[in-house]
Amino acid sequence: MSLSDPIADMLTRIRNGGRVGKKEVMIRNSKICAGVAEVLKQEGYITDHDVIEDGKQGMLRVTMKYSVDGSNIITEIKRVSKPGCRVYSSLSDLPQVLGGLGITIVSTSKGVMSDRKCREEKVGGELICTVS
């Protein structure tokens, strides 16, 4: 089975897993998905992620994070740039989600990073998704 947009599949699995209260979510492994998971971990939206080798592509296991009352930390996660319509942004035009309370995940020439890190590194790139 071929997947046309593995990032959208990853975001959908995380969104659905959080809604039903799953502890872990399994996602097909790729460099971009691992980069997105690393940014989500650094920003505190997930607990952890690791790669499970299966002799083929491998699977990325994402451990979800919930608040004290049991609600999901990720309230909204949306894909911005799609295979049919790529969205790029310069440093000065990077969007701020919820006035800085959320993050935008950006694919840059220096790797996948959050909008905060992009401002520190002074780089722009392709907007992958927004998380709040």
# chains A, B, ... in the order shown; residues from 1 in each chain; ligands from 1
>>> residues_around(residues="region 63-70 of chain A", least_positions_apart="4", cutoff="12 Å", atoms="only C-alpha atoms", output="ChimeraX atom specification")
/A:13-27,37-38,40-41,43-51,74-75
>>> select_by_dssp(residues="chain A", states="helix (DSSP H, G or I)", output="number ranges by chain")
A: 6-20, 31-42, 91-93, 97-100, 115-121
>>> atom_distance(atom1="CA of Gln57 (chain A)", atom2="CA of Val36 (chain A)")
17.0 Å
>>> select_by_dssp(residues="chain A", states="strand (DSSP E or B)", output="VMD selection string")
chain A and resid 24 to 28 46 to 52 59 to 64 66 72 77 to 79 82 85 88 to 89 103 to 108 111 to 114 125 to 131
>>> closest_atom_pairs(of="region 27-71 of chain A", to="region 106-109 of chain A", cutoff="10 Å", atoms="only C-alpha atoms", output="Markdown table")
| residue | atom | partner | partner_atom | distance |
| --- | --- | --- | --- | --- |
| A:Ile32 | CA | A:Ser107 | CA | 8.3 |
| A:Gly35 | CA | A:Ser107 | CA | 8.8 |
| A:Val36 | CA | A:Val106 | CA | 8.8 |
| A:Val39 | CA | A:Val106 | CA | 9.6 |
>>> residues_around(residues="Ile77 (chain A)", least_positions_apart="2", cutoff="10 Å", atoms="only C-alpha atoms", output="ChimeraX atom specification")
/A:11-12,14-15,74-75,79-80,102-104,129-132
>>> residues_around(residues="Asp93 (chain A)", least_positions_apart="6", cutoff="12 Å", atoms="only C-alpha atoms", output="JSON, numbers by chain")
{"A": [87, 104, 115, 118, 119, 122, 123, 124, 125, 126, 127]}
>>> write_last_selection(atoms="N, CA and C atoms", output="short mmCIF file (atom, residue, chain, number, x, y, z; two decimals), in the first residue's frame")
data_model
loop_
_atom_site.label_atom_id
_atom_site.label_comp_id
_atom_site.auth_asym_id
_atom_site.auth_seq_id
_atom_site.Cartn_x
_atom_site.Cartn_y
_atom_site.Cartn_z
N VAL A 87 3.32 25.18 1.05
CA VAL A 87 3.29 26.51 1.65
C VAL A 87 4.65 26.79 2.27
N THR A 104 4.34 26.16 15.25
CA THR A 104 4.31 25.78 13.85
C THR A 104 5.55 24.95 13.61
N ASP A 115 8.78 26.90 15.13
CA ASP A 115 8.91 28.29 14.69
C ASP A 115 9.79 29.09 15.65
N CYS A 118 13.27 28.37 14.63
CA CYS A 118 13.53 29.04 13.35
C CYS A 118 13.89 30.50 13.57
N ARG A 119 13.21 31.15 14.49
CA ARG A 119 13.51 32.55 14.78
C ARG A 119 14.90 32.69 15.40
N LYS A 122 17.30 31.98 12.58
CA LYS A 122 17.09 32.93 11.48
C LYS A 122 16.95 32.25 10.11
N VAL A 123 16.03 31.24 10.05
CA VAL A 123 15.75 30.53 8.80
C VAL A 123 14.24 30.39 8.61
N GLY A 124 13.82 30.28 7.37
CA GLY A 124 12.43 30.00 7.03
C GLY A 124 12.38 28.65 6.34
N GLY A 125 11.21 28.29 5.84
CA GLY A 125 11.10 27.01 5.16
C GLY A 125 9.66 26.64 4.88
N GLU A 126 9.43 25.34 4.68
CA GLU A 126 8.10 24.83 4.38
C GLU A 126 7.33 24.60 5.68
N LEU A 127 6.13 25.16 5.77
CA LEU A 127 5.29 25.00 6.96
C LEU A 127 4.65 23.63 6.90
#
>>> atom_distance(atom1="CA of Pro83 (chain A)", atom2="CA of Leu98 (chain A)")
25.4 Å
>>> atom_distance(atom1="CA of Leu60 (chain A)", atom2="CA of Cys33 (chain A)")
8.2 Å
>>> closest_residue(among="A:Gln42, A:Gly84, A:Ile7, A:Glu76", to="Ile128 (chain A)", atoms="only C-alpha atoms")
A:Ile7
>>> closest_residue(among="A:Met59, A:Ile52, A:Leu3, A:Met10", to="Asn29 (chain A)", atoms="only C-alpha atoms")
A:Met59
>>> decode(residues="region 15-48 of chain A", atoms="N, CA, C and O atoms", output="PDB file, in the first residue's frame")
ATOM      1  N   ARG A  15      -3.804  12.598  16.274  1.00  0.00           N
ATOM      2  CA  ARG A  15      -5.073  13.247  16.617  1.00  0.00           C
ATOM      3  C   ARG A  15      -6.094  12.218  17.102  1.00  0.00           C
ATOM      4  O   ARG A  15      -6.726  12.387  18.147  1.00  0.00           O
ATOM      5  N   ASN A  16      -6.261  11.123  16.348  1.00  0.00           N
ATOM      6  CA  ASN A  16      -7.238  10.096  16.710  1.00  0.00           C
ATOM      7  C   ASN A  16      -6.840   9.356  17.979  1.00  0.00           C
ATOM      8  O   ASN A  16      -7.697   9.042  18.818  1.00  0.00           O
ATOM      9  N   GLY A  17      -5.532   9.068  18.134  1.00  0.00           N
ATOM     10  CA  GLY A  17      -5.071   8.387  19.339  1.00  0.00           C
ATOM     11  C   GLY A  17      -5.308   9.217  20.591  1.00  0.00           C
ATOM     12  O   GLY A  17      -5.662   8.690  21.641  1.00  0.00           O
ATOM     13  N   GLY A  18      -5.137  10.527  20.476  1.00  0.00           N
ATOM     14  CA  GLY A  18      -5.386  11.410  21.607  1.00  0.00           C
ATOM     15  C   GLY A  18      -6.859  11.507  21.962  1.00  0.00           C
ATOM     16  O   GLY A  18      -7.223  11.601  23.127  1.00  0.00           O
ATOM     17  N   ARG A  19      -7.706  11.458  20.952  1.00  0.00           N
ATOM     18  CA  ARG A  19      -9.146  11.558  21.202  1.00  0.00           C
ATOM     19  C   ARG A  19      -9.702  10.341  21.933  1.00  0.00           C
ATOM     20  O   ARG A  19     -10.625  10.467  22.729  1.00  0.00           O
ATOM     21  N   VAL A  20      -9.145   9.161  21.647  1.00  0.00           N
ATOM     22  CA  VAL A  20      -9.657   7.951  22.303  1.00  0.00           C
ATOM     23  C   VAL A  20      -8.844   7.577  23.537  1.00  0.00           C
ATOM     24  O   VAL A  20      -9.150   6.608  24.208  1.00  0.00           O
ATOM     25  N   GLY A  21      -7.786   8.337  23.838  1.00  0.00           N
ATOM     26  CA  GLY A  21      -7.021   8.117  25.060  1.00  0.00           C
ATOM     27  C   GLY A  21      -5.976   7.025  24.979  1.00  0.00           C
ATOM     28  O   GLY A  21      -5.640   6.413  25.994  1.00  0.00           O
ATOM     29  N   LYS A  22      -5.443   6.761  23.789  1.00  0.00           N
ATOM     30  CA  LYS A  22      -4.412   5.734  23.660  1.00  0.00           C
ATOM     31  C   LYS A  22      -3.119   6.181  24.321  1.00  0.00           C
ATOM     32  O   LYS A  22      -2.773   7.360  24.307  1.00  0.00           O
ATOM     33  N   LYS A  23      -2.385   5.203  24.862  1.00  0.00           N
ATOM     34  CA  LYS A  23      -1.107   5.507  25.491  1.00  0.00           C
ATOM     35  C   LYS A  23      -0.011   5.653  24.442  1.00  0.00           C
ATOM     36  O   LYS A  23       0.851   6.523  24.554  1.00  0.00           O
ATOM     37  N   GLU A  24      -0.052   4.804  23.414  1.00  0.00           N
ATOM     38  CA  GLU A  24       0.951   4.836  22.350  1.00  0.00           C
ATOM     39  C   GLU A  24       0.273   4.785  20.994  1.00  0.00           C
ATOM     40  O   GLU A  24      -0.796   4.204  20.848  1.00  0.00           O
ATOM     41  N   VAL A  25       0.930   5.388  19.998  1.00  0.00           N
ATOM     42  CA  VAL A  25       0.440   5.387  18.624  1.00  0.00           C
ATOM     43  C   VAL A  25       1.575   4.892  17.728  1.00  0.00           C
ATOM     44  O   VAL A  25       2.719   5.333  17.874  1.00  0.00           O
ATOM     45  N   MET A  26       1.266   3.974  16.815  1.00  0.00           N
ATOM     46  CA  MET A  26       2.264   3.437  15.886  1.00  0.00           C
ATOM     47  C   MET A  26       2.122   4.133  14.533  1.00  0.00           C
ATOM     48  O   MET A  26       1.022   4.236  13.993  1.00  0.00           O
ATOM     49  N   ILE A  27       3.259   4.604  13.988  1.00  0.00           N
ATOM     50  CA  ILE A  27       3.284   5.369  12.738  1.00  0.00           C
ATOM     51  C   ILE A  27       4.395   4.810  11.863  1.00  0.00           C
ATOM     52  O   ILE A  27       5.431   4.380  12.378  1.00  0.00           O
ATOM     53  N   ARG A  28       4.204   4.819  10.546  1.00  0.00           N
ATOM     54  CA  ARG A  28       5.271   4.405   9.646  1.00  0.00           C
ATOM     55  C   ARG A  28       6.456   5.346   9.784  1.00  0.00           C
ATOM     56  O   ARG A  28       6.292   6.564   9.813  1.00  0.00           O
ATOM     57  N   ASN A  29       7.646   4.777   9.840  1.00  0.00           N
ATOM     58  CA  ASN A  29       8.843   5.577  10.060  1.00  0.00           C
ATOM     59  C   ASN A  29       9.330   6.227   8.765  1.00  0.00           C
ATOM     60  O   ASN A  29       9.304   5.623   7.704  1.00  0.00           O
ATOM     61  N   SER A  30       9.747   7.470   8.866  1.00  0.00           N
ATOM     62  CA  SER A  30      10.441   8.193   7.804  1.00  0.00           C
ATOM     63  C   SER A  30      11.225   9.309   8.491  1.00  0.00           C
ATOM     64  O   SER A  30      10.984   9.633   9.650  1.00  0.00           O
ATOM     65  N   LYS A  31      12.174   9.886   7.773  1.00  0.00           N
ATOM     66  CA  LYS A  31      12.998  10.941   8.370  1.00  0.00           C
ATOM     67  C   LYS A  31      12.153  12.140   8.770  1.00  0.00           C
ATOM     68  O   LYS A  31      12.350  12.726   9.833  1.00  0.00           O
ATOM     69  N   ILE A  32      11.209  12.517   7.928  1.00  0.00           N
ATOM     70  CA  ILE A  32      10.392  13.702   8.211  1.00  0.00           C
ATOM     71  C   ILE A  32       9.452  13.443   9.398  1.00  0.00           C
ATOM     72  O   ILE A  32       9.278  14.307  10.255  1.00  0.00           O
ATOM     73  N   CYS A  33       8.881  12.241   9.482  1.00  0.00           N
ATOM     74  CA  CYS A  33       8.000  11.909  10.607  1.00  0.00           C
ATOM     75  C   CYS A  33       8.791  11.851  11.911  1.00  0.00           C
ATOM     76  O   CYS A  33       8.309  12.300  12.955  1.00  0.00           O
ATOM     77  N   ALA A  34      10.005  11.313  11.855  1.00  0.00           N
ATOM     78  CA  ALA A  34      10.856  11.282  13.045  1.00  0.00           C
ATOM     79  C   ALA A  34      11.230  12.706  13.468  1.00  0.00           C
ATOM     80  O   ALA A  34      11.285  13.010  14.665  1.00  0.00           O
ATOM     81  N   GLY A  35      11.460  13.584  12.498  1.00  0.00           N
ATOM     82  CA  GLY A  35      11.756  14.975  12.806  1.00  0.00           C
ATOM     83  C   GLY A  35      10.585  15.690  13.455  1.00  0.00           C
ATOM     84  O   GLY A  35      10.755  16.445  14.418  1.00  0.00           O
ATOM     85  N   VAL A  36       9.385  15.445  12.940  1.00  0.00           N
ATOM     86  CA  VAL A  36       8.177  16.040  13.520  1.00  0.00           C
ATOM     87  C   VAL A  36       7.979  15.522  14.943  1.00  0.00           C
ATOM     88  O   VAL A  36       7.675  16.292  15.866  1.00  0.00           O
ATOM     89  N   ALA A  37       8.175  14.212  15.146  1.00  0.00           N
ATOM     90  CA  ALA A  37       8.026  13.641  16.488  1.00  0.00           C
ATOM     91  C   ALA A  37       9.051  14.224  17.450  1.00  0.00           C
ATOM     92  O   ALA A  37       8.739  14.489  18.619  1.00  0.00           O
ATOM     93  N   GLU A  38      10.261  14.456  16.985  1.00  0.00           N
ATOM     94  CA  GLU A  38      11.300  15.039  17.843  1.00  0.00           C
ATOM     95  C   GLU A  38      10.923  16.469  18.260  1.00  0.00           C
ATOM     96  O   GLU A  38      11.113  16.852  19.418  1.00  0.00           O
ATOM     97  N   VAL A  39      10.378  17.249  17.335  1.00  0.00           N
ATOM     98  CA  VAL A  39       9.946  18.611  17.671  1.00  0.00           C
ATOM     99  C   VAL A  39       8.793  18.572  18.673  1.00  0.00           C
ATOM    100  O   VAL A  39       8.776  19.338  19.643  1.00  0.00           O
ATOM    101  N   LEU A  40       7.835  17.655  18.470  1.00  0.00           N
ATOM    102  CA  LEU A  40       6.722  17.531  19.412  1.00  0.00           C
ATOM    103  C   LEU A  40       7.220  17.145  20.808  1.00  0.00           C
ATOM    104  O   LEU A  40       6.706  17.631  21.810  1.00  0.00           O
ATOM    105  N   LYS A  41       8.245  16.306  20.872  1.00  0.00           N
ATOM    106  CA  LYS A  41       8.824  15.923  22.166  1.00  0.00           C
ATOM    107  C   LYS A  41       9.538  17.104  22.810  1.00  0.00           C
ATOM    108  O   LYS A  41       9.367  17.369  24.005  1.00  0.00           O
ATOM    109  N   GLN A  42      10.340  17.842  22.037  1.00  0.00           N
ATOM    110  CA  GLN A  42      11.079  18.989  22.580  1.00  0.00           C
ATOM    111  C   GLN A  42      10.141  20.070  23.101  1.00  0.00           C
ATOM    112  O   GLN A  42      10.437  20.727  24.091  1.00  0.00           O
ATOM    113  N   GLU A  43       9.002  20.247  22.429  1.00  0.00           N
ATOM    114  CA  GLU A  43       8.056  21.293  22.829  1.00  0.00           C
ATOM    115  C   GLU A  43       7.077  20.820  23.905  1.00  0.00           C
ATOM    116  O   GLU A  43       6.237  21.585  24.361  1.00  0.00           O
ATOM    117  N   GLY A  44       7.134  19.533  24.294  1.00  0.00           N
ATOM    118  CA  GLY A  44       6.310  19.034  25.394  1.00  0.00           C
ATOM    119  C   GLY A  44       4.928  18.557  25.005  1.00  0.00           C
ATOM    120  O   GLY A  44       4.067  18.430  25.874  1.00  0.00           O
ATOM    121  N   TYR A  45       4.683  18.264  23.741  1.00  0.00           N
ATOM    122  CA  TYR A  45       3.367  17.795  23.308  1.00  0.00           C
ATOM    123  C   TYR A  45       3.235  16.280  23.374  1.00  0.00           C
ATOM    124  O   TYR A  45       2.123  15.762  23.448  1.00  0.00           O
ATOM    125  N   ILE A  46       4.350  15.540  23.319  1.00  0.00           N
ATOM    126  CA  ILE A  46       4.332  14.086  23.496  1.00  0.00           C
ATOM    127  C   ILE A  46       5.400  13.732  24.522  1.00  0.00           C
ATOM    128  O   ILE A  46       6.316  14.519  24.789  1.00  0.00           O
ATOM    129  N   THR A  47       5.288  12.547  25.101  1.00  0.00           N
ATOM    130  CA  THR A  47       6.250  12.122  26.119  1.00  0.00           C
ATOM    131  C   THR A  47       7.538  11.622  25.498  1.00  0.00           C
ATOM    132  O   THR A  47       8.624  12.020  25.893  1.00  0.00           O
ATOM    133  N   ASP A  48       7.433  10.731  24.495  1.00  0.00           N
ATOM    134  CA  ASP A  48       8.624  10.134  23.906  1.00  0.00           C
ATOM    135  C   ASP A  48       8.287   9.536  22.546  1.00  0.00           C
ATOM    136  O   ASP A  48       7.117   9.394  22.197  1.00  0.00           O
TER     137      ASP A  48
END
